[in-house]
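Student: Would you mind keeping the following structure in view while I ask a few things?
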Amino acid sequence: MQKIAVVLSGNGVYDGSEIHEATLTLYSIARMGAVYEIFAPDIPQHHVINHLTGEEMAESRNVLVESARIARGKIRNLNEFSGREFDALIFPGGFGAAKNLSTFAFDGIDCKVNPDVENAIKEMISLGKPIGALCISPVILARILEDVELTIGQDAGTAEAIQKMGSTHTETSHGEIIVDRKYKVVTTPCYMLDATIDQIGEGADKVVGAILKLI
């Protein structure tokens, strides 16, 4: 049975993982007959956002602990990840990908990527195993890989940043995917577009389906 690692970045779109994208990715994996294991880095969140008001809150939280909410407690520290245990790796979106897994939200094309995230990506690439990325998380791949074809949908600023980091951006709409066959990377825009939850499900389905074919 194919086994996919899913990396989360917290719990909630504005400061962590986008919950619909994360949950529907897990659902797609299970529905298509594969199994998953969930990981997150054991690091402080960049900040905490009140999801009702959009305002920053004066408190601190941990990315692994917050991600455990989505994982229902069944989660591992990303520093324990071994690519040889898995057939593929997937990153759901949410601002946590750009704030916690990387610093793209603050530093743009000069962003840094969390070392455990970078190691996981590089190991999977070295093993020739596929990687999926939803929403904003493809920017992490653009920072690490050279000349990879990606999509984040139609946001001009983010697309330009991907191009400046040396990769190719292809514009897409709801539920569409881009497959880079050189790296075995599959991306879809999800909530980088003004999407509905069923469109998120379609994107997650297509990413997971394409990844299973690449394994």
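For the structure tokens, the naming scheme is as follows: chains receive sequential letters (A, B, ...) according to their order of presentation, residues are indexed from 1 within each chain, and ligands are indexed from 1 in presentation order.
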Could you go through segment 8-182 of chain A and tell me which residues DSSP, when run on the backbone, assigns to strand (DSSP E or B), listing them as number ranges by chain?
Tutor: A: 35-40, 44, 48-49, 56-57, 62, 76-77, 88-91, 102, 113, 131-134, 149-150, 168-169, 178-180
Student: Fewer than 6 positions away in the same chain doesn't count, so skip those; otherwise give me all residues within 10 Å of Ile197 of chain A, counting only C-alpha atoms, as a count of residues only.
Tutor: 6
Student: Find, counting only C-alpha atoms, the residue in A:Ile125, A:Leu141, A:Ala71, A:Ile90 that gets nearest to Lys112 of chain A.
Tutor: A:Leu141
Student: Listing only residues of segment 79-128 of chain A within 12 Å of segment 175-186 of chain A, what is the closest atom pair and its distance in Å (to one decimal) for each, using only C-alpha atoms, sorted by chain and residue number ascending, as a Markdown table?
Tutor:
| residue | atom | partner | partner_atom | distance |
| --- | --- | --- | --- | --- |
| A:Asp87 | CA | A:Lys184 | CA | 11.7 |
| A:Ala88 | CA | A:Lys184 | CA | 9.6 |
| A:Leu89 | CA | A:Val185 | CA | 9.6 |
| A:Ile90 | CA | A:Val186 | CA | 9.1 |
| A:Phe91 | CA | A:Val186 | CA | 10.4 |
| A:Pro92 | CA | A:Val186 | CA | 11.8 |
| A:Ile121 | CA | A:Val185 | CA | 10.4 |
| A:Lys122 | CA | A:Tyr183 | CA | 10.6 |
| A:Glu123 | CA | A:Tyr183 | CA | 11.9 |
| A:Met124 | CA | A:Tyr183 | CA | 9.5 |
| A:Ile125 | CA | A:Tyr183 | CA | 6.6 |
| A:Ser126 | CA | A:Tyr183 | CA | 9.4 |
| A:Leu127 | CA | A:Tyr183 | CA | 10.4 |
| A:Gly128 | CA | A:Tyr183 | CA | 7.4 |
Student: Please identify the alpha helix (DSSP H) residues within segment 30-135 of chain A (assignment by DSSP from backbone atoms) and present them as an MDAnalysis selection string.
Tutor: chainID A and resid 30:31 63:70 96:99 104:107 115:126
Student: Can you write out the residues you just picked, keeping C-alpha atoms, as a PDB file, in the first residue's frame?
Tutor:
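Result file is result_26.pdb:
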ATOM      1  CA  ALA A  30      -7.507   7.526   2.127  1.00  0.00           C
ATOM      2  CA  ARG A  31     -10.271   7.448  -0.492  1.00  0.00           C
ATOM      3  CA  VAL A  63       3.650  24.457  15.134  1.00  0.00           C
ATOM      4  CA  LEU A  64       3.793  20.756  16.031  1.00  0.00           C
ATOM      5  CA  VAL A  65       1.319  21.140  18.908  1.00  0.00           C
ATOM      6  CA  GLU A  66      -1.129  23.163  16.807  1.00  0.00           C
ATOM      7  CA  SER A  67      -0.844  20.768  13.851  1.00  0.00           C
ATOM      8  CA  ALA A  68      -1.709  17.925  16.220  1.00  0.00           C
ATOM      9  CA  ARG A  69      -5.239  19.372  16.380  1.00  0.00           C
ATOM     10  CA  ILE A  70      -5.784  18.496  12.712  1.00  0.00           C
ATOM     11  CA  GLY A  96       1.867  28.768   7.852  1.00  0.00           C
ATOM     12  CA  ALA A  97       3.710  27.498   4.778  1.00  0.00           C
ATOM     13  CA  ALA A  98       4.923  31.052   4.151  1.00  0.00           C
ATOM     14  CA  LYS A  99       5.397  32.019   7.819  1.00  0.00           C
ATOM     15  CA  PHE A 104       8.348  33.811   2.191  1.00  0.00           C
ATOM     16  CA  ALA A 105       5.592  35.987   3.692  1.00  0.00           C
ATOM     17  CA  PHE A 106       8.227  38.373   5.039  1.00  0.00           C
ATOM     18  CA  ASP A 107      11.304  37.953   2.848  1.00  0.00           C
ATOM     19  CA  PRO A 115      15.886  23.058   7.701  1.00  0.00           C
ATOM     20  CA  ASP A 116      13.685  20.012   8.403  1.00  0.00           C
ATOM     21  CA  VAL A 117      11.383  20.999   5.527  1.00  0.00           C
ATOM     22  CA  GLU A 118      14.332  21.500   3.197  1.00  0.00           C
ATOM     23  CA  ASN A 119      15.893  18.182   4.183  1.00  0.00           C
ATOM     24  CA  ALA A 120      12.622  16.316   3.581  1.00  0.00           C
ATOM     25  CA  ILE A 121      12.191  17.854   0.124  1.00  0.00           C
ATOM     26  CA  LYS A 122      15.786  17.258  -0.939  1.00  0.00           C
ATOM     27  CA  GLU A 123      15.708  13.667   0.266  1.00  0.00           C
ATOM     28  CA  MET A 124      12.533  12.880  -1.685  1.00  0.00           C
ATOM     29  CA  ILE A 125      13.967  14.478  -4.819  1.00  0.00           C
ATOM     30  CA  SER A 126      17.189  12.482  -4.437  1.00  0.00           C
TER      31      SER A 126
END
Student: Rank nothing, just name the residue among A:Gly33, A:Gly132, A:Thr170, A:Asn100 nearest to Ala204 of chain A, using only C-alpha atoms.
Tutor: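 Looking only at the distances to Ala204 of chain A, the closest residue turns out to be A:Gly132.
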Student: Counting only C-alpha atoms, what is within 8 Å of Phe39 of chain A, bar same-chain residues fewer than 6 positions away, as a VMD selection string?
Tutor: chain A and resid 5 to 8 64 75 to 78 81
Student: Restricting the output to C-alpha atoms, write the selected residues as an mmCIF file, in the first residue's frame.
Tutor:
data_model
loop_
_atom_site.group_PDB
_atom_site.id
_atom_site.type_symbol
_atom_site.label_atom_id
_atom_site.label_comp_id
_atom_site.auth_asym_id
_atom_site.auth_seq_id
_atom_site.Cartn_x
_atom_site.Cartn_y
_atom_site.Cartn_z
ATOM 1 C CA ALA A 5 3.753 11.890 4.309
ATOM 2 C CA VAL A 6 1.771 15.093 4.814
ATOM 3 C CA VAL A 7 3.529 18.108 6.346
ATOM 4 C CA LEU A 8 1.442 20.636 8.288
ATOM 5 C CA LEU A 64 3.793 20.756 16.031
ATOM 6 C CA ILE A 75 1.653 13.254 14.379
ATOM 7 C CA ARG A 76 5.448 13.115 14.339
ATOM 8 C CA ASN A 77 8.185 15.705 14.565
ATOM 9 C CA LEU A 78 9.419 16.446 11.047
ATOM 10 C CA PHE A 81 11.128 12.034 8.692
#
Student: Neighbouring residues of His51 of chain A were defined as those with any atom within 9 Å, considering only C-alpha atoms; residues of the same chain fewer than 6 positions away were excluded. Please report them as a list in words.
Tutor: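 My reading of the contact set: Gly12, Val13, Tyr14 and Asp15 of chain A.
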Student: Give me, as number ranges by chain, all polymer residues having an atom no more than 12 Å from Glu59 of chain A, counting only C-alpha atoms and skipping those fewer than 6 positions away in the same chain.
Tutor: A: 44-50
Student: If we count only C-alpha atoms and set the cut-off at 10 Å, which residues sit around segment 156-160 of chain A, ignoring sequence neighbours fewer than 6 positions away in its own chain? Please answer as a list in words.
Tutor: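 Answer for this query is Phe104, Gly108, Ile109, Ile136, Val139, Leu150, Ser167, Thr168, His169, Thr170, Glu171 and Met192 of chain A.
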Student: Using Å and a single decimal, report how far atom CA of Val35 of chain A sits from atom CA of Thr188 of chain A.
Tutor: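 Computed distance, atom CA of Thr188 of chain A to atom CA of Val35 of chain A, equals 20.9 Å.
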Student: Out of A:Gln154, A:Thr172, A:Ser9, A:Gln2, which residue has the shortest atom-to-atom distance to Ser102 of chain A when counting only C-alpha atoms?
Tutor: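 The closest residue to Ser102 of chain A is A:Ser9.
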Student: Report, in Å to a single decimal, how far apart atom CA of Leu145 of chain A and atom CA of Gly94 of chain A are.
Tutor: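 Separating atom CA of Gly94 of chain A from atom CA of Leu145 of chain A is a distance of 20.6 Å.
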Student: From the list A:Thr23, A:Thr53, A:Ser17, A:Gln163, which residue is nearest Cys135 of chain A when using only C-alpha atoms?
Tutor: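 Among the listed residues, the smallest separation from Cys135 of chain A belongs to A:Ser17.
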